[in-house]
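For reference, protein_22.pdb is printed below; it contains PDB, C-alpha atoms.
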```pdb
ATOM      1  CA  MET F   1       0.000   0.000   0.000
ATOM      2  CA  ALA F   2       1.401   3.419  -0.926
ATOM      3  CA  LYS F   3       2.424   5.598   1.994
ATOM      4  CA  ALA F   4       0.248   8.677   2.391
ATOM      5  CA  VAL F   5       2.033  11.891   1.483
ATOM      6  CA  GLU F   6       2.486  14.136   4.515
ATOM      7  CA  LYS F   7       1.073  17.585   4.034
ATOM      8  CA  VAL F   8       1.243  20.861   5.923
ATOM      9  CA  LEU F   9      -1.041  23.876   6.098
ATOM     10  CA  LEU F  10       0.541  27.306   5.727
ATOM     11  CA  PHE F  11      -0.773  30.287   7.640
ATOM     12  CA  ASN F  12       0.237  33.785   8.733
ATOM     13  CA  LEU F  13       0.444  35.408  12.136
ATOM     14  CA  GLY F  14       1.312  39.061  11.637
ATOM     15  CA  PRO F  15       4.226  39.234   9.208
ATOM     16  CA  VAL F  16       5.431  35.682   9.900
ATOM     17  CA  GLY F  17       4.584  32.584   7.910
ATOM     18  CA  PHE F  18       4.002  29.290   9.735
ATOM     19  CA  TYR F  19       3.302  25.698   8.846
ATOM     20  CA  ILE F  20       1.488  22.979  10.749
ATOM     21  CA  GLY F  21       0.948  19.288  10.009
ATOM     22  CA  LEU F  22      -2.335  18.813   8.221
ATOM     23  CA  ASP F  23      -3.062  15.731  10.294
ATOM     24  CA  SER F  24      -3.493  18.036  13.321
ATOM     25  CA  VAL F  25      -6.096  20.190  11.580
ATOM     26  CA  VAL F  26      -9.802  19.483  12.049
ATOM     27  CA  GLU F  27     -11.328  22.464  10.280
ATOM     28  CA  VAL F  28     -10.651  26.043   9.178
ATOM     29  CA  ILE F  29     -13.359  28.546  10.067
ATOM     30  CA  THR F  30     -13.842  32.089   8.820
ATOM     31  CA  GLY F  31     -16.420  34.648   9.930
ATOM     32  CA  ILE F  32     -15.878  33.773  13.577
ATOM     33  CA  ALA F  33     -16.967  37.025  15.220
ATOM     34  CA  SER F  34     -20.395  35.746  16.244
ATOM     35  CA  ARG F  35     -18.993  32.437  17.465
ATOM     36  CA  LEU F  36     -16.630  33.786  20.082
ATOM     37  CA  ASP F  37     -17.346  34.197  23.794
ATOM     38  CA  ALA F  38     -14.649  36.388  25.306
ATOM     39  CA  SER F  39     -16.041  35.934  28.818
ATOM     40  CA  ARG F  40     -14.460  32.489  28.771
ATOM     41  CA  SER F  41     -10.896  33.715  28.466
ATOM     42  CA  ASP F  42      -7.721  32.774  30.347
ATOM     43  CA  ILE F  43      -5.101  35.203  29.156
ATOM     44  CA  GLY F  44      -2.404  33.548  31.232
ATOM     45  CA  ARG F  45      -2.701  30.570  28.919
ATOM     46  CA  SER F  46      -3.242  32.742  25.817
ATOM     47  CA  ILE F  47      -6.885  31.634  25.692
ATOM     48  CA  ILE F  48      -8.660  34.757  24.538
ATOM     49  CA  SER F  49     -12.081  33.287  24.086
ATOM     50  CA  ALA F  50     -14.154  30.161  23.684
ATOM     51  CA  LEU F  51     -15.233  29.260  20.165
ATOM     52  CA  SER F  52     -18.563  27.672  19.368
ATOM     53  CA  PHE F  53     -17.794  24.543  17.353
ATOM     54  CA  ARG F  54     -20.054  21.593  16.594
ATOM     55  CA  ASP F  55     -22.450  22.142  19.495
ATOM     56  CA  THR F  56     -19.758  22.723  22.076
ATOM     57  CA  TRP F  57     -17.322  25.392  23.176
ATOM     58  CA  ILE F  58     -13.629  24.935  22.626
ATOM     59  CA  PRO F  59     -10.698  27.046  23.849
ATOM     60  CA  CYS F  60      -9.522  29.610  21.348
ATOM     61  CA  VAL F  61      -5.863  30.569  21.638
ATOM     62  CA  ASP F  62      -4.197  33.636  20.185
ATOM     63  CA  PRO F  63      -0.594  32.553  19.505
ATOM     64  CA  THR F  64       0.548  36.135  18.904
ATOM     65  CA  LEU F  65       0.486  36.700  22.664
ATOM     66  CA  LYS F  66       3.175  34.143  23.349
ATOM     67  CA  LEU F  67       5.133  34.777  20.156
ATOM     68  CA  ASP F  68       5.372  38.575  20.639
ATOM     69  CA  LEU F  69       3.762  39.213  17.297
ATOM     70  CA  ALA F  70       1.060  41.698  16.365
ATOM     71  CA  ALA F  71      -1.990  40.498  14.462
ATOM     72  CA  VAL F  72      -2.647  42.439  11.270
ATOM     73  CA  GLU F  73      -6.331  41.564  10.917
ATOM     74  CA  SER F  74      -9.195  42.684  13.116
ATOM     75  CA  MET F  75     -10.836  40.026  15.281
ATOM     76  CA  ALA F  76     -13.764  39.835  12.895
ATOM     77  CA  ASP F  77     -11.479  39.053   9.955
ATOM     78  CA  ARG F  78      -9.238  36.536  11.657
ATOM     79  CA  VAL F  79      -9.505  32.849  10.906
ATOM     80  CA  ALA F  80      -9.790  29.980  13.383
ATOM     81  CA  ILE F  81      -7.885  26.766  12.755
ATOM     82  CA  VAL F  82      -9.476  24.011  14.815
ATOM     83  CA  LEU F  83      -6.890  21.490  15.961
ATOM     84  CA  LYS F  84      -6.948  18.033  17.471
ATOM     85  CA  GLY F  85      -5.752  17.989  21.066
ATOM     86  CA  GLY F  86      -5.021  15.348  23.639
ATOM     87  CA  GLU F  87      -8.231  16.141  25.457
ATOM     88  CA  GLY F  88     -10.377  17.415  22.612
ATOM     89  CA  ASN F  89     -10.439  20.070  19.944
ATOM     90  CA  TRP F  90      -9.068  23.552  20.420
ATOM     91  CA  ALA F  91      -8.461  26.436  18.065
ATOM     92  CA  ILE F  92      -5.856  29.028  17.205
ATOM     93  CA  LEU F  93      -6.619  32.416  15.708
ATOM     94  CA  VAL F  94      -4.538  33.384  12.686
ATOM     95  CA  ASP F  95      -4.511  36.301  10.251
ATOM     96  CA  ARG F  96      -4.580  34.332   7.046
ATOM     97  CA  VAL F  97      -4.621  30.719   5.983
ATOM     98  CA  GLY F  98      -2.485  29.830   2.988
ATOM     99  CA  GLU F  99      -2.174  26.750   0.879
ATOM    100  CA  VAL F 100      -1.618  23.105   1.674
ATOM    101  CA  VAL F 101       1.723  21.822   0.465
ATOM    102  CA  GLU F 102       3.597  18.561   0.737
ATOM    103  CA  ARG F 103       5.921  18.470   3.711
ATOM    104  CA  ARG F 104       8.749  17.238   1.509
ATOM    105  CA  SER F 105       8.648  20.508  -0.433
ATOM    106  CA  LEU F 106       9.840  22.311   2.716
ATOM    107  CA  LEU F 107      13.594  22.625   3.121
ATOM    108  CA  LEU F 108      14.530  22.575   6.797
ATOM    109  CA  CYS F 109      17.214  25.089   7.614
ATOM    110  CA  GLU F 110      19.334  25.750  10.628
ATOM    111  CA  ILE F 111      18.330  28.511  13.021
ATOM    112  CA  PRO F 112      21.234  31.003  13.034
ATOM    113  CA  ALA F 113      23.314  31.103  16.230
ATOM    114  CA  LEU F 114      22.293  34.726  16.852
ATOM    115  CA  LEU F 115      18.637  33.732  16.953
ATOM    116  CA  LYS F 116      18.832  30.527  18.969
ATOM    117  CA  LEU F 117      18.378  32.150  22.355
ATOM    118  CA  SER F 118      15.390  34.227  21.299
ATOM    119  CA  ALA F 119      13.870  31.204  19.540
ATOM    120  CA  LEU F 120      14.092  28.995  22.644
ATOM    121  CA  ASP F 121      10.597  29.705  23.973
ATOM    122  CA  ARG F 122       8.931  30.260  20.641
ATOM    123  CA  TYR F 123       9.890  27.787  17.945
ATOM    124  CA  ALA F 124      12.282  24.968  17.179
ATOM    125  CA  GLU F 125      12.047  24.607  13.421
ATOM    126  CA  VAL F 126      12.267  26.846  10.374
ATOM    127  CA  ALA F 127      11.888  25.686   6.794
ATOM    128  CA  LEU F 128      12.148  27.329   3.412
ATOM    129  CA  LEU F 129       9.540  27.143   0.705
ATOM    130  CA  GLU F 130      10.499  28.891  -2.523
ATOM    131  CA  ASP F 131      13.232  30.695  -0.597
ATOM    132  CA  ARG F 132      10.815  32.120   1.949
ATOM    133  CA  PRO F 133      11.105  31.070   5.617
ATOM    134  CA  TYR F 134       8.208  29.471   7.453
ATOM    135  CA  VAL F 135       8.226  28.706  11.163
ATOM    136  CA  GLY F 136       7.108  25.289  12.331
ATOM    137  CA  PHE F 137       4.124  25.844  14.624
ATOM    138  CA  ASP F 138       4.831  23.792  17.714
ATOM    139  CA  LEU F 139       1.485  22.733  19.163
ATOM    140  CA  GLU F 140       3.009  21.582  22.415
ATOM    141  CA  ARG F 141       4.134  25.098  23.273
ATOM    142  CA  PHE F 142       0.553  26.240  23.354
ATOM    143  CA  TYR F 143      -2.598  25.214  25.114
ATOM    144  CA  GLY F 144      -3.537  21.598  24.498
ATOM    145  CA  ALA F 145      -7.291  21.119  24.597
ATOM    146  CA  CYS F 146     -10.102  20.866  27.041
ATOM    147  CA  PRO F 147     -13.643  21.164  25.760
ATOM    148  CA  VAL F 148     -15.790  23.706  27.545
ATOM    149  CA  SER F 149     -19.420  22.618  27.798
ATOM    150  CA  ALA F 150     -21.968  24.955  26.239
TER     151      ALA F 150
ATOM    152  CA  MET V   1      47.783  44.774   1.318
ATOM    153  CA  LYS V   2      44.908  45.351   3.722
ATOM    154  CA  ARG V   3      41.664  46.553   2.221
ATOM    155  CA  TYR V   4      38.343  47.668   3.618
ATOM    156  CA  GLY V   5      34.828  47.748   2.303
ATOM    157  CA  LEU V   6      33.400  51.180   3.122
ATOM    158  CA  PHE V   7      29.640  51.501   3.463
ATOM    159  CA  SER V   8      27.006  53.976   4.595
ATOM    160  CA  LEU V   9      23.612  53.672   6.197
ATOM    161  CA  GLY V  10      22.019  57.050   6.787
ATOM    162  CA  ASP V  11      24.416  58.996   9.010
ATOM    163  CA  LEU V  12      26.412  55.907   9.901
ATOM    164  CA  ASN V  13      29.605  55.201   7.963
ATOM    165  CA  TYR V  14      31.225  51.857   8.632
ATOM    166  CA  ALA V  15      34.034  49.694   7.336
ATOM    167  CA  VAL V  16      34.583  45.942   7.198
ATOM    168  CA  SER V  17      37.889  44.203   6.587
ATOM    169  CA  LEU V  18      37.653  42.827   3.048
ATOM    170  CA  PRO V  19      38.545  39.156   3.766
ATOM    171  CA  LEU V  20      35.482  38.974   6.031
ATOM    172  CA  ILE V  21      33.069  40.063   3.323
ATOM    173  CA  ARG V  22      31.502  37.015   1.738
ATOM    174  CA  LYS V  23      29.339  38.815  -0.774
ATOM    175  CA  ILE V  24      27.204  41.882  -1.330
ATOM    176  CA  VAL V  25      23.600  41.268  -2.260
ATOM    177  CA  GLN V  26      21.197  43.742  -3.794
ATOM    178  CA  ASP V  27      17.450  43.945  -3.242
ATOM    179  CA  ALA V  28      17.296  40.892  -0.996
ATOM    180  CA  LYS V  29      13.908  40.280   0.603
ATOM    181  CA  SER V  30      13.735  40.475   4.363
ATOM    182  CA  TYR V  31      11.482  38.468   6.620
ATOM    183  CA  GLN V  32      10.395  38.592  10.228
ATOM    184  CA  LEU V  33      10.622  35.754  12.729
ATOM    185  CA  PRO V  34       9.044  35.665  16.186
ATOM    186  CA  GLY V  35      11.035  37.322  18.954
ATOM    187  CA  LEU V  36      13.977  38.655  16.967
ATOM    188  CA  PRO V  37      16.563  40.115  19.373
ATOM    189  CA  ARG V  38      16.864  43.903  19.413
ATOM    190  CA  THR V  39      20.065  43.778  17.395
ATOM    191  CA  VAL V  40      18.513  41.819  14.524
ATOM    192  CA  ALA V  41      16.136  43.700  12.245
ATOM    193  CA  ALA V  42      15.036  40.783  10.077
ATOM    194  CA  VAL V  43      16.352  37.681   8.332
ATOM    195  CA  MET V  44      17.151  37.105   4.700
ATOM    196  CA  VAL V  45      17.763  33.931   2.732
ATOM    197  CA  ASP V  46      21.060  33.277   0.985
ATOM    198  CA  ASP V  47      21.999  29.931  -0.570
ATOM    199  CA  SER V  48      19.110  28.254   1.264
ATOM    200  CA  ALA V  49      20.316  29.479   4.639
ATOM    201  CA  LEU V  50      18.862  32.060   7.008
ATOM    202  CA  VAL V  51      21.057  35.103   7.550
ATOM    203  CA  PRO V  52      20.298  37.600  10.321
ATOM    204  CA  VAL V  53      20.141  41.205   9.101
ATOM    205  CA  ILE V  54      21.757  43.296  11.792
ATOM    206  CA  ALA V  55      19.925  46.351  13.111
ATOM    207  CA  LEU V  56      23.044  48.486  12.819
ATOM    208  CA  ASN V  57      21.355  51.672  13.921
ATOM    209  CA  ALA V  58      20.335  49.957  17.168
ATOM    210  CA  TRP V  59      23.971  49.194  17.862
ATOM    211  CA  PHE V  60      24.809  52.861  17.571
ATOM    212  CA  GLY V  61      21.933  54.130  19.654
ATOM    213  CA  GLY V  62      19.517  55.033  16.897
ATOM    214  CA  PRO V  63      16.090  53.597  16.068
ATOM    215  CA  ALA V  64      16.283  49.889  15.315
ATOM    216  CA  CYS V  65      13.816  49.750  12.480
ATOM    217  CA  SER V  66      15.494  51.505   9.579
ATOM    218  CA  SER V  67      17.600  48.610   8.264
ATOM    219  CA  GLY V  68      14.815  47.305   6.045
ATOM    220  CA  ALA V  69      14.929  50.275   3.681
ATOM    221  CA  SER V  70      18.524  49.826   2.570
ATOM    222  CA  GLU V  71      19.178  48.478  -0.896
ATOM    223  CA  TYR V  72      22.245  46.361  -0.217
ATOM    224  CA  ARG V  73      23.177  43.653   2.245
ATOM    225  CA  VAL V  74      26.840  43.058   3.042
ATOM    226  CA  LEU V  75      27.225  39.421   4.066
ATOM    227  CA  VAL V  76      30.032  39.043   6.568
ATOM    228  CA  ASP V  77      31.536  35.990   8.237
ATOM    229  CA  THR V  78      31.681  36.172  12.025
ATOM    230  CA  SER V  79      32.283  33.757  14.877
ATOM    231  CA  CYS V  80      28.473  33.478  15.106
ATOM    232  CA  GLY V  81      28.027  32.570  11.472
ATOM    233  CA  THR V  82      27.166  34.779   8.531
ATOM    234  CA  ILE V  83      25.393  38.052   9.222
ATOM    235  CA  ALA V  84      24.079  40.718   6.870
ATOM    236  CA  LEU V  85      24.860  44.387   7.346
ATOM    237  CA  PRO V  86      22.508  46.849   5.621
ATOM    238  CA  ALA V  87      24.115  49.413   3.340
ATOM    239  CA  GLU V  88      23.160  52.025   0.806
ATOM    240  CA  ILE V  89      24.214  52.135  -2.801
ATOM    241  CA  ASN V  90      27.477  54.046  -2.462
ATOM    242  CA  GLY V  91      29.807  51.349  -1.044
ATOM    243  CA  LYS V  92      33.457  51.165  -2.073
ATOM    244  CA  ILE V  93      36.554  49.031  -1.567
ATOM    245  CA  VAL V  94      39.664  50.910  -0.549
ATOM    246  CA  PRO V  95      43.212  49.831   0.351
ATOM    247  CA  GLU V  96      44.285  50.894   3.818
ATOM    248  CA  ARG V  97      47.154  52.987   2.495
ATOM    249  CA  LYS V  98      44.687  55.309   0.740
ATOM    250  CA  GLY V  99      43.312  56.487   4.060
ATOM    251  CA  THR V 100      44.348  56.958   7.674
ATOM    252  CA  LEU V 101      43.823  54.405  10.389
ATOM    253  CA  LEU V 102      42.757  56.002  13.663
ATOM    254  CA  HIS V 103      42.979  53.978  16.825
ATOM    255  CA  ARG V 104      39.907  53.283  18.881
ATOM    256  CA  GLU V 105      39.092  56.020  21.346
ATOM    257  CA  GLU V 106      38.542  55.158  25.005
ATOM    258  CA  ASP V 107      34.892  56.126  24.875
ATOM    259  CA  GLN V 108      34.197  54.372  21.577
ATOM    260  CA  VAL V 109      31.561  51.670  21.612
ATOM    261  CA  LEU V 110      33.020  48.217  22.180
ATOM    262  CA  PHE V 111      32.130  46.774  18.804
ATOM    263  CA  VAL V 112      34.140  49.392  16.917
ATOM    264  CA  GLU V 113      37.685  48.131  16.432
ATOM    265  CA  ALA V 114      39.139  51.401  15.146
ATOM    266  CA  GLU V 115      38.300  54.195  12.729
ATOM    267  CA  PHE V 116      39.420  54.793   9.183
ATOM    268  CA  ARG V 117      39.507  58.220   7.622
ATOM    269  CA  PHE V 118      39.046  58.290   3.870
ATOM    270  CA  GLN V 119      38.424  61.457   1.863
ATOM    271  CA  GLU V 120      37.307  63.451   4.917
ATOM    272  CA  THR V 121      34.829  60.827   6.039
ATOM    273  CA  ILE V 122      35.452  58.737   9.116
ATOM    274  CA  TYR V 123      34.337  55.123   8.889
ATOM    275  CA  LYS V 124      33.948  52.941  11.967
ATOM    276  CA  ILE V 125      35.749  49.646  11.462
ATOM    277  CA  LEU V 126      33.368  47.095  12.922
ATOM    278  CA  ASP V 127      34.645  44.376  15.197
ATOM    279  CA  MET V 128      33.158  41.189  13.749
ATOM    280  CA  ASN V 129      33.268  39.548  17.162
ATOM    281  CA  PHE V 130      30.456  41.815  18.301
ATOM    282  CA  PRO V 131      27.590  39.404  17.521
ATOM    283  CA  ALA V 132      29.262  36.768  19.708
ATOM    284  CA  GLU V 133      29.689  39.277  22.525
ATOM    285  CA  GLU V 134      26.026  40.218  22.277
ATOM    286  CA  MET V 135      25.061  36.552  22.495
ATOM    287  CA  LYS V 136      27.166  36.125  25.626
ATOM    288  CA  LEU V 137      25.518  39.189  27.123
ATOM    289  CA  VAL V 138      22.017  37.895  26.406
ATOM    290  CA  SER V 139      22.964  34.463  27.678
ATOM    291  CA  SER V 140      24.310  35.913  30.926
ATOM    292  CA  ARG V 141      21.069  37.774  31.487
ATOM    293  CA  ILE V 142      19.103  34.574  31.032
ATOM    294  CA  ASN V 143      21.540  32.410  33.045
ATOM    295  CA  PRO V 144      23.472  34.707  35.408
ATOM    296  CA  ASP V 145      25.347  31.751  36.883
ATOM    297  CA  ASN V 146      26.794  30.788  33.520
ATOM    298  CA  VAL V 147      28.683  33.952  32.616
ATOM    299  CA  ALA V 148      31.886  32.962  30.795
TER     300      ALA V 148
END
```

In structure tokens, how does this file's structure come out?
Amino acid sequence: MAKAVEKVLLFNLGPVGFYIGLDSVVEVITGIASRLDASRSDIGRSIISALSFRDTWIPCVDPTLKLDLAAVESMADRVAIVLKGGEGNWAILVDRVGEVVERRSLLLCEIPALLKLSALDRYAEVALLEDRPYVGFDLERFYGACPVSA
Amino acid sequence: MKRYGLFSLGDLNYAVSLPLIRKIVQDAKSYQLPGLPRTVAAVMVDDSALVPVIALNAWFGGPACSSGASEYRVLVDTSCGTIALPAEINGKIVPERKGTLLHREEDQVLFVEAEFRFQETIYKILDMNFPAEEMKLVSSRINPDNVA
């Protein structure tokens, strides 16, 4: 049986491009403004809201808080990527979702020595696609998942 | 025969010893990464490798964000790997004998090795060990017990 080709989803947070394994992605949702409940936030864990998803509420994380980035889109225009977690689905808010590409088209490159210290708490992998760098989005550095009952 | 590359970035005039210059690149795209240190303005890609673009103005006390507007990137080999120094269009390569080497003043910033006067302009000769020193400084702030 042929081995399935691994794919990644590209997305943007502020000016930075990221990639994430497609096998972690449940769904991509736009037009989220009416589906957010900010009263269910936990900023200490970067959870800025709960997101209504398939008859339940799931934690919605804004990765820009931990990555020291600034979102370029307004909340209403941001996109939610729903992810599989150890204890259920959760979501991250991003500025723009890009294309799906094969993981083998990414060229892993070394993080320069000058950047290693600042990268420590933020990312561990950078890859090039058509000579543009994309940061590997490390799910484990962010909130896992715990469904919040509606 | 010792030679220097002489470059300008706004009001800053700097020099790099020629053997350390790997190449000069024009119109290279710059990219952001999360949490870039204050001394790194952006990264660029050269030969499928990431190269930090140094925020030179930040080193000399100016605003850190002006490096992106420069047209040229001077790629230099340092003990911390290759770095890119932003420069404007009017760079030149000059043998040392065509100018005057001025020794480093006591109050000169640490990453300036000396100064070189050429045609009434004084260029700061950059010490290419400065990225490594900055890394040590950042490391010591994170791990005060591990200062070298």

Original post:
Within 7 Å of chain F, which residues of chain V show up when using all atoms listed in the file, listed as a PyMOL selection string?
Top reply: chain V and resi 32-37+45+48-51+80-81+135

Subject >> Expansion of the PyMOL selection byres ((chain V and resi 54) around 8) into residues, as a list of chain:residue names >> reply: V:Thr39, V:Val40, V:Ala41, V:Ala42, V:Pro52, V:Val53, V:Ala55, V:Leu56, V:Ser67, V:Ile83, V:Ala84, V:Leu85, V:Pro86

Subject >> Output of the PyMOL selection byres ((chain V and resi 89) around 10), listed as JSON, numbers by chain >> reply: {"V": [7, 8, 9, 26, 70, 71, 72, 73, 87, 88, 90, 91, 92]}

Subject >> Between atom CA of Ala28 of chain V and atom CA of Phe116 of chain V - distance in Å to one decimal >> reply: 28.0 Å

Segment 34-53 of chain V, all listed atoms, 3 Å padding on each side: what axis-aligned box centre and edge lengths in Å to one decimal come out, as JSON?
```
{"center_x": 15.5, "center_y": 36.1, "center_z": 9.4, "size_x": 19.0, "size_y": 21.6, "size_z": 26.0}
```

Subject >> Protein and nucleic acid residues near (-10.9, 34.0, 12.9) (cut-off 8 Å, all atoms listed in the file) as a PyMOL selection string >> reply: chain F and resi 29-33+75-81+93-95

Original post:
Which one is closest to Thr56 of chain F: F:Lys7, F:Arg35, F:Arg103, F:Arg96? Count all atoms listed in the file.
Top reply: F:Arg35

Original post:
Mind telling me what the PyMOL selection byres ((chain V and resi 100) around 8) catches here, as a PyMOL selection string?
Top reply: chain V and resi 96-99+101-102+116-118

I need the chosen residues saved as an mmCIF file, in the coordinates of the input, with C-alpha atoms.
```
data_model
loop_
_atom_site.group_PDB
_atom_site.id
_atom_site.type_symbol
_atom_site.label_atom_id
_atom_site.label_comp_id
_atom_site.auth_asym_id
_atom_site.auth_seq_id
_atom_site.Cartn_x
_atom_site.Cartn_y
_atom_site.Cartn_z
ATOM 1 C CA GLU V 96 44.285 50.894 3.818
ATOM 2 C CA ARG V 97 47.154 52.987 2.495
ATOM 3 C CA LYS V 98 44.687 55.309 0.740
ATOM 4 C CA GLY V 99 43.312 56.487 4.060
ATOM 5 C CA LEU V 101 43.823 54.405 10.389
ATOM 6 C CA LEU V 102 42.757 56.002 13.663
ATOM 7 C CA PHE V 116 39.420 54.793 9.183
ATOM 8 C CA ARG V 117 39.507 58.220 7.622
ATOM 9 C CA PHE V 118 39.046 58.290 3.870
#
```

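Note that atom CA of Ser74 of chain F and atom CA of Leu139 of chain F are 23.4 Å apart.
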
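The space between atom CA of Pro95 of chain V and atom CA of Asn13 of chain V spans 16.5 Å.
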
**OP:** Give as a ChimeraX atom specification each residue that has an atom at most 10 Å from (-19.4, 27.9, 18.6) in the file, counting only C-alpha atoms.
**Re:** /F:32,34-37,50-58,150

Original post:
Of the candidates F:Glu73, F:Glu125, F:Glu102, F:Asp138, which shows the shortest atom-to-atom distance to Asn12 of chain F, using only C-alpha atoms?
Top reply: F:Glu73

Atom completion result for segment 101-108 of chain F (all heavy atoms) as a tab-separated table (two decimals), in the coordinates of the input:
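So selection.tsv came out as:
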```tsv
chain	number	residue	atom	x	y	z
F	101	VAL	N	0.61	22.29	1.30
F	101	VAL	CA	1.72	21.82	0.46
F	101	VAL	C	2.25	20.52	1.04
F	101	VAL	O	2.01	20.20	2.21
F	101	VAL	CB	2.87	22.85	0.39
F	101	VAL	CG1	2.38	24.16	-0.21
F	101	VAL	CG2	3.49	23.11	1.74
F	102	GLU	N	2.99	19.79	0.24
F	102	GLU	CA	3.60	18.56	0.74
F	102	GLU	C	4.76	18.91	1.65
F	102	GLU	O	5.54	19.81	1.35
F	102	GLU	CB	4.08	17.71	-0.44
F	102	GLU	CG	2.94	17.16	-1.28
F	102	GLU	CD	3.42	16.28	-2.43
F	102	GLU	OE1	4.64	16.07	-2.54
F	102	GLU	OE2	2.56	15.83	-3.21
F	103	ARG	N	4.86	18.19	2.75
F	103	ARG	CA	5.92	18.47	3.71
F	103	ARG	C	7.30	18.34	3.06
F	103	ARG	O	8.21	19.08	3.39
F	103	ARG	CB	5.81	17.53	4.92
F	103	ARG	CG	6.80	17.89	6.04
F	103	ARG	CD	6.68	16.94	7.21
F	103	ARG	NE	5.58	17.25	8.08
F	103	ARG	CZ	5.62	18.14	9.07
F	103	ARG	NH1	6.73	18.82	9.31
F	103	ARG	NH2	4.56	18.33	9.83
F	104	ARG	N	7.43	17.44	2.12
F	104	ARG	CA	8.75	17.24	1.51
F	104	ARG	C	9.18	18.42	0.63
F	104	ARG	O	10.32	18.47	0.20
F	104	ARG	CB	8.78	15.95	0.70
F	104	ARG	CG	7.82	15.92	-0.46
F	104	ARG	CD	7.79	14.55	-1.10
F	104	ARG	NE	6.75	14.48	-2.12
F	104	ARG	CZ	6.32	13.32	-2.60
F	104	ARG	NH1	6.81	12.18	-2.15
F	104	ARG	NH2	5.38	13.32	-3.53
F	105	SER	N	8.24	19.33	0.34
F	105	SER	CA	8.65	20.51	-0.43
F	105	SER	C	9.27	21.58	0.46
F	105	SER	O	9.80	22.58	-0.02
F	105	SER	CB	7.45	21.10	-1.19
F	105	SER	OG	6.46	21.52	-0.30
F	106	LEU	N	9.20	21.38	1.78
F	106	LEU	CA	9.84	22.31	2.72
F	106	LEU	C	11.29	21.90	2.92
F	106	LEU	O	11.58	20.73	3.09
F	106	LEU	CB	9.13	22.29	4.07
F	106	LEU	CG	7.67	22.74	4.11
F	106	LEU	CD1	7.09	22.51	5.50
F	106	LEU	CD2	7.56	24.21	3.74
F	107	LEU	N	12.18	22.88	2.90
F	107	LEU	CA	13.59	22.62	3.12
F	107	LEU	C	13.95	23.11	4.52
F	107	LEU	O	13.99	24.32	4.76
F	107	LEU	CB	14.43	23.37	2.07
F	107	LEU	CG	15.94	23.30	2.23
F	107	LEU	CD1	16.44	21.88	2.01
F	107	LEU	CD2	16.63	24.25	1.25
F	108	LEU	N	14.17	22.18	5.43
F	108	LEU	CA	14.53	22.58	6.80
F	108	LEU	C	15.86	23.30	6.78
F	108	LEU	O	16.78	22.90	6.08
F	108	LEU	CB	14.63	21.34	7.69
F	108	LEU	CG	13.34	20.77	8.25
F	108	LEU	CD1	13.63	19.55	9.11
F	108	LEU	CD2	12.57	21.81	9.05
```
